[in-house]
Amino acid sequence: MNKTVNQKAWFLVLPVFLFVAFNAIIPLMTVVNYSVQETFGNNIFSWSGVQWFQDTLQSDRFHASLGRQLMFTAIILAIEIPLGLAIALAMPRKGPWVSVCLVLMALPLLIPWNVVGSMWNVFALPEIGLMGRGLNALGFDFNYTRQPGDAWFTIVLMDVWHWTSLVVLLCYAGLVAIPNDYYQAAKIDGASAWAVFRFIQLPKLKRVLTIAILLRFMDSFMIYTEVQVLTGGGPGSSTTFLSIDLFKVALGQFDLGPAGAMSIIYFLIILAMSWVFYTLMMRNEAK
Amino acid sequence: MRKRSIVPIVYILFLMLPIYWLVTMSFKTTNEILGGFTPWPQSFTLDNYRKIFNDPTWYMGYVASIEYVAINTVLSVAVALPAAYAFSRYRFLGDKHMFFWLLTNRMAPAAVFALPFYQLYSAVGLFDTPWAVALSHTLFNIPLAVWILEGFMSGVPKELDETAYVDGYSFPRFFIKIFIPTIAAGIGVACFFCFMFSWVEMLLAKTLTAVAAKPIAALMTKTASTSGYELGLLAAAGTLTLIPGAVVIYFVRNYIAKGFALGRV
């Protein structure tokens, strides 16, 4: 749509700007403030420059939680995106079952995040939970409160349970939007199912897939509540992702300087990655 | 076609399993839960639910949750409407940067904001009120609402606006009488998403409340720690938090996907 230039449109945006500025800029300034100062309590602060940033960037603890975070995000993207796409492709396009499918699939998305955590916490308990008990009955030695591998497995499974539907819904919306003519043309040409997918469906789904990856990237990178409730970052620190670590530093130990520096580095990483996805998305849109 | 429908069925079964476990647990006694493994309630009981509905600290948690979610939804959509119109119709200084800046707030990790928000809302005297939570959730809900509404509004041809102005409508009258009814579906979807993200977010909601405005889901942590490990009660409270979500999904089921695509499918 061609838009007219109108500077007065700023007045329409102003309320949004004020709200978001109040909520975003003031707290961010607080964080920046902490990140460059040293404090010994009693509200006495002294300038410490980039000390905290250096410390954080060189600390093994930060590297470890960043590594875990990247690994987690990579794993769940690698599972959820293809799985969501496959489920969307297999879903019926019309009929009474579509609504039922959509409502049931969307259900996990509307459960408060700490309920998701506690739900999986009891579901996976080795003695009394359906999943934990079931896995042990099948001969696996499963105990997510003791074995780091099992804790990872449970967290990844929980996230797949929680968020794959988002990918399904997006892909499904994209698939329904493809006009029937494309499929008919493919049929006349005698295209195989793979060719239909590769040359019709996949290109048409590019935009929704970019949105799905963007959203899943951002949200998995910020994950806190579910993991905190499920494992509390343990056993040991094997599932301490960035947010959990940050929370431990900020509110657990009240190390405001390091917490501030860590917050800013954390936020910048998300910002940079999201900017890449956003640019890709907007480029698609321009075409 | 038959064979393919196995995939969604298996997936839905997988989704339902943990939910089934939560719901059955809510009908069990704590002794039965801790005593061993039973696939369904042996001694069916409604005690857990009775306890919740008879104890004001529990059911007021629901009221608090609904309160801040409602305030947040109304506020976010109301301020997002004119802004989304501006983004969809006009070009102005810094519009693209502003649009991306809004999105960055959707990316802000709640863990980063928790402590500064606590200080900010304590300083302005809103701590432990539904307003603090509602306002803090506008951080990510206003950008989301702007994005969704902009997507829907861009689908409305500009001729609609122009005809109305030619017919002598003023901007506010056009906006309320003609434009809002035209994008009613989009507003519904935006409301749904504001509801959803305010309802599921817990980190800020928990940090910004103490007693009076504690959301229901955060009360669950309390049961787990103070009064022993009352799993039945926990499960009942969890089950009750599923209901509002299920109800609203039903109303927007045909638009959910479009909303998730930020109105851009």
# chains A, B, ... in the order shown; residues from 1 in each chain; ligands from 1
>>> interface_residues(of="chain B", to="chain A", cutoff="7 Å", atoms="only C-alpha atoms", output="JSON, numbers by chain")
{"B": [4, 5, 7, 8, 12, 15, 18, 21, 22, 33, 34, 36, 37, 79, 80, 82, 83, 86, 89, 90, 91, 92, 93, 104, 107, 108, 109, 111, 112, 113, 116, 117, 136, 139, 196, 199, 200, 201, 202, 203, 217, 238, 241, 242, 245, 246, 249, 250, 253, 257, 258, 260, 261, 265]}
>>> write_last_selection(atoms="N, CA and C atoms", output="short mmCIF file (atom, residue, chain, number, x, y, z; two decimals), in the first residue's frame")
data_model
loop_
_atom_site.label_atom_id
_atom_site.label_comp_id
_atom_site.auth_asym_id
_atom_site.auth_seq_id
_atom_site.Cartn_x
_atom_site.Cartn_y
_atom_site.Cartn_z
N ARG B 4 -2.53 -40.24 6.80
CA ARG B 4 -1.91 -38.99 7.22
C ARG B 4 -2.49 -38.47 8.52
N SER B 5 -3.78 -38.74 8.76
CA SER B 5 -4.40 -38.15 9.95
C SER B 5 -3.89 -38.79 11.24
N VAL B 7 -0.83 -38.63 12.18
CA VAL B 7 0.15 -37.69 12.74
C VAL B 7 -0.50 -36.69 13.70
N PRO B 8 -1.54 -35.95 13.25
CA PRO B 8 -2.16 -35.02 14.21
C PRO B 8 -2.77 -35.73 15.41
N ILE B 12 -1.85 -34.85 19.19
CA ILE B 12 -2.83 -34.36 20.17
C ILE B 12 -2.84 -35.25 21.41
N LEU B 15 -0.13 -34.17 23.51
CA LEU B 15 -0.44 -32.92 24.20
C LEU B 15 -1.35 -33.15 25.40
N PRO B 18 0.01 -34.95 29.67
CA PRO B 18 0.30 -34.24 30.91
C PRO B 18 -0.94 -33.56 31.48
N TRP B 21 -2.94 -36.06 33.31
CA TRP B 21 -2.32 -36.38 34.59
C TRP B 21 -2.62 -35.31 35.63
N LEU B 22 -2.57 -34.06 35.20
CA LEU B 22 -2.86 -32.96 36.12
C LEU B 22 -4.31 -33.04 36.59
N ILE B 33 -1.84 -39.82 46.03
CA ILE B 33 -0.81 -39.37 45.09
C ILE B 33 0.58 -39.81 45.56
N LEU B 34 0.84 -39.57 46.85
CA LEU B 34 2.18 -39.88 47.35
C LEU B 34 2.35 -41.36 47.65
N GLY B 36 1.68 -43.98 45.89
CA GLY B 36 2.12 -44.87 44.83
C GLY B 36 1.52 -44.45 43.50
N PHE B 37 1.56 -45.35 42.55
CA PHE B 37 1.15 -45.01 41.20
C PHE B 37 -0.25 -45.54 40.92
N VAL B 79 -4.59 1.90 23.31
CA VAL B 79 -3.54 2.80 22.83
C VAL B 79 -2.93 2.29 21.52
N ALA B 80 -3.03 0.97 21.29
CA ALA B 80 -2.43 0.42 20.07
C ALA B 80 -3.25 0.77 18.83
N PRO B 82 -4.93 3.61 17.61
CA PRO B 82 -4.52 4.75 16.78
C PRO B 82 -3.11 4.60 16.22
N ALA B 83 -2.20 4.03 17.02
CA ALA B 83 -0.82 3.89 16.55
C ALA B 83 -0.76 2.95 15.36
N ALA B 86 -1.83 4.72 12.33
CA ALA B 86 -0.78 5.61 11.81
C ALA B 86 0.26 4.81 11.03
N ARG B 89 -1.16 3.59 7.60
CA ARG B 89 -1.63 4.55 6.59
C ARG B 89 -0.61 5.62 6.24
N TYR B 90 0.25 5.98 7.17
CA TYR B 90 1.11 7.15 6.94
C TYR B 90 2.58 6.80 7.02
N ARG B 91 3.35 7.66 6.39
CA ARG B 91 4.79 7.62 6.51
C ARG B 91 5.18 8.85 7.32
N PHE B 92 5.99 8.67 8.35
CA PHE B 92 6.39 9.84 9.13
C PHE B 92 7.79 9.64 9.65
N LEU B 93 8.33 10.72 10.17
CA LEU B 93 9.74 10.71 10.58
C LEU B 93 10.00 9.58 11.58
N THR B 104 11.50 -4.67 19.64
CA THR B 104 12.57 -5.04 20.57
C THR B 104 12.03 -5.22 21.99
N MET B 107 11.06 -8.54 22.70
CA MET B 107 12.20 -9.45 22.89
C MET B 107 12.86 -9.29 24.24
N ALA B 108 12.46 -8.28 25.00
CA ALA B 108 13.16 -8.01 26.25
C ALA B 108 12.92 -9.15 27.23
N PRO B 109 13.97 -9.79 27.72
CA PRO B 109 13.77 -10.87 28.66
C PRO B 109 13.22 -10.34 29.98
N ALA B 111 13.51 -11.47 32.80
CA ALA B 111 14.50 -11.57 33.88
C ALA B 111 15.33 -10.28 33.98
N VAL B 112 15.56 -9.63 32.83
CA VAL B 112 16.33 -8.39 32.83
C VAL B 112 15.53 -7.28 33.49
N PHE B 113 14.20 -7.29 33.29
CA PHE B 113 13.38 -6.18 33.74
C PHE B 113 12.84 -6.34 35.15
N PRO B 116 14.50 -3.86 37.99
CA PRO B 116 14.18 -2.46 37.77
C PRO B 116 12.68 -2.17 37.87
N PHE B 117 11.86 -3.09 37.39
CA PHE B 117 10.41 -2.89 37.50
C PHE B 117 9.98 -2.86 38.95
N SER B 136 3.10 -3.23 33.67
CA SER B 136 4.37 -3.84 33.28
C SER B 136 4.15 -4.78 32.09
N LEU B 139 4.48 -3.61 28.42
CA LEU B 139 5.80 -3.58 27.79
C LEU B 139 5.84 -4.47 26.55
N MET B 196 -3.79 -13.54 26.38
CA MET B 196 -2.97 -14.74 26.49
C MET B 196 -1.63 -14.44 27.13
N TRP B 199 -1.85 -13.44 30.70
CA TRP B 199 -2.33 -14.56 31.53
C TRP B 199 -1.22 -15.57 31.81
N VAL B 200 -0.35 -15.82 30.83
CA VAL B 200 0.67 -16.85 31.01
C VAL B 200 1.94 -16.32 31.65
N GLU B 201 2.17 -14.99 31.58
CA GLU B 201 3.43 -14.44 32.10
C GLU B 201 3.39 -14.50 33.63
N MET B 202 4.44 -14.98 34.25
CA MET B 202 4.41 -15.15 35.69
C MET B 202 5.56 -14.46 36.40
N LEU B 203 6.69 -14.31 35.73
CA LEU B 203 7.86 -13.77 36.39
C LEU B 203 7.60 -12.35 36.89
N ALA B 217 -1.85 -18.37 39.74
CA ALA B 217 -0.83 -19.36 39.40
C ALA B 217 0.39 -19.23 40.30
N GLY B 238 -4.03 -25.81 39.39
CA GLY B 238 -3.52 -25.82 38.02
C GLY B 238 -4.64 -26.09 37.03
N THR B 241 -6.68 -23.15 36.26
CA THR B 241 -6.08 -22.13 35.40
C THR B 241 -6.19 -22.50 33.92
N LEU B 242 -6.53 -23.75 33.62
CA LEU B 242 -6.67 -24.13 32.21
C LEU B 242 -7.96 -23.58 31.62
N GLY B 245 -8.28 -20.10 29.56
CA GLY B 245 -7.60 -20.24 28.27
C GLY B 245 -8.46 -21.01 27.28
N ALA B 246 -8.97 -22.15 27.74
CA ALA B 246 -9.77 -22.99 26.87
C ALA B 246 -11.00 -22.24 26.36
N ILE B 249 -9.93 -19.58 23.68
CA ILE B 249 -9.48 -20.18 22.41
C ILE B 249 -10.69 -20.52 21.57
N TYR B 250 -11.74 -21.05 22.23
CA TYR B 250 -12.90 -21.47 21.47
C TYR B 250 -13.45 -20.31 20.64
N ARG B 253 -10.96 -19.42 17.57
CA ARG B 253 -10.27 -20.55 16.94
C ARG B 253 -9.95 -20.33 15.47
N ALA B 257 -4.32 -18.54 14.18
CA ALA B 257 -3.10 -18.65 13.38
C ALA B 257 -2.75 -17.31 12.76
N LYS B 258 -3.77 -16.61 12.25
CA LYS B 258 -3.51 -15.32 11.63
C LYS B 258 -2.89 -14.36 12.65
N PHE B 260 -1.06 -15.18 15.31
CA PHE B 260 0.31 -15.55 15.59
C PHE B 260 1.24 -15.08 14.50
N ALA B 261 0.72 -15.04 13.27
CA ALA B 261 1.54 -14.53 12.18
C ALA B 261 1.53 -13.00 12.19
N VAL B 265 -0.37 -13.26 7.38
CA VAL B 265 -0.37 -14.46 6.54
C VAL B 265 -0.88 -14.07 5.15
#
>>> select_by_dssp(residues="stretch 16-139 of chain A", states="strand (DSSP E)", output="PyMOL selection string")
chain A and resi 37-39+45-47
>>> residues_around(residues="stretch 126-134 of chain B", least_positions_apart="3", cutoff="7 Å", atoms="only C-alpha atoms", output="VMD selection string")
chain B and resid 64 67 to 69 71 to 72 121 to 122 137 to 138 204 to 205 208 to 213
>>> atom_distance(atom1="atom CA of A:Thr73", atom2="atom CA of A:Ile269")
13.1 Å
>>> select_by_dssp(residues="stretch 22-168 of chain B", states="helix (DSSP H, G or I)", output="PyMOL selection string")
chain B and resi 22-26+30-35+47-54+56-89+95-106+110-123+130-154+159-166
>>> residues_around(residues="A:Ala151", least_positions_apart="2", cutoff="9 Å", atoms="only C-alpha atoms", output="list in words")
Asn143, Tyr144, Thr145, Arg146, Gln147, Pro148, Gly149, Phe153, Thr154, Ile155, Val156, Leu230, Thr231, Gly234, Pro235, Ser238 and Thr239 of chain A
>>> atom_distance(atom1="atom CA of A:Gln58", atom2="atom CA of A:Ser220")
24.1 Å
>>> closest_residue(among="B:Gly125, B:Pro244, B:Pro143, B:Pro172", to="B:Ala190", atoms="only C-alpha atoms")
B:Pro143
>>> atom_distance(atom1="atom CA of A:Gly233", atom2="atom CA of A:Arg61")
13.3 Å
>>> residues_around(residues="B:Pro41", least_positions_apart="2", cutoff="6 Å", atoms="only C-alpha atoms", output="PyMOL selection string")
chain B and resi 28+43-44
>>> residues_around(residues="B:Thr30", least_positions_apart="5", cutoff="7 Å", atoms="only C-alpha atoms", output="list of chain:residue names")
B:Glu230, B:Leu231, B:Gly232
>>> closest_residue(among="B:Leu102, B:Val248, B:Ala114, B:Ala78", to="B:Val189", atoms="only C-alpha atoms")
B:Val248
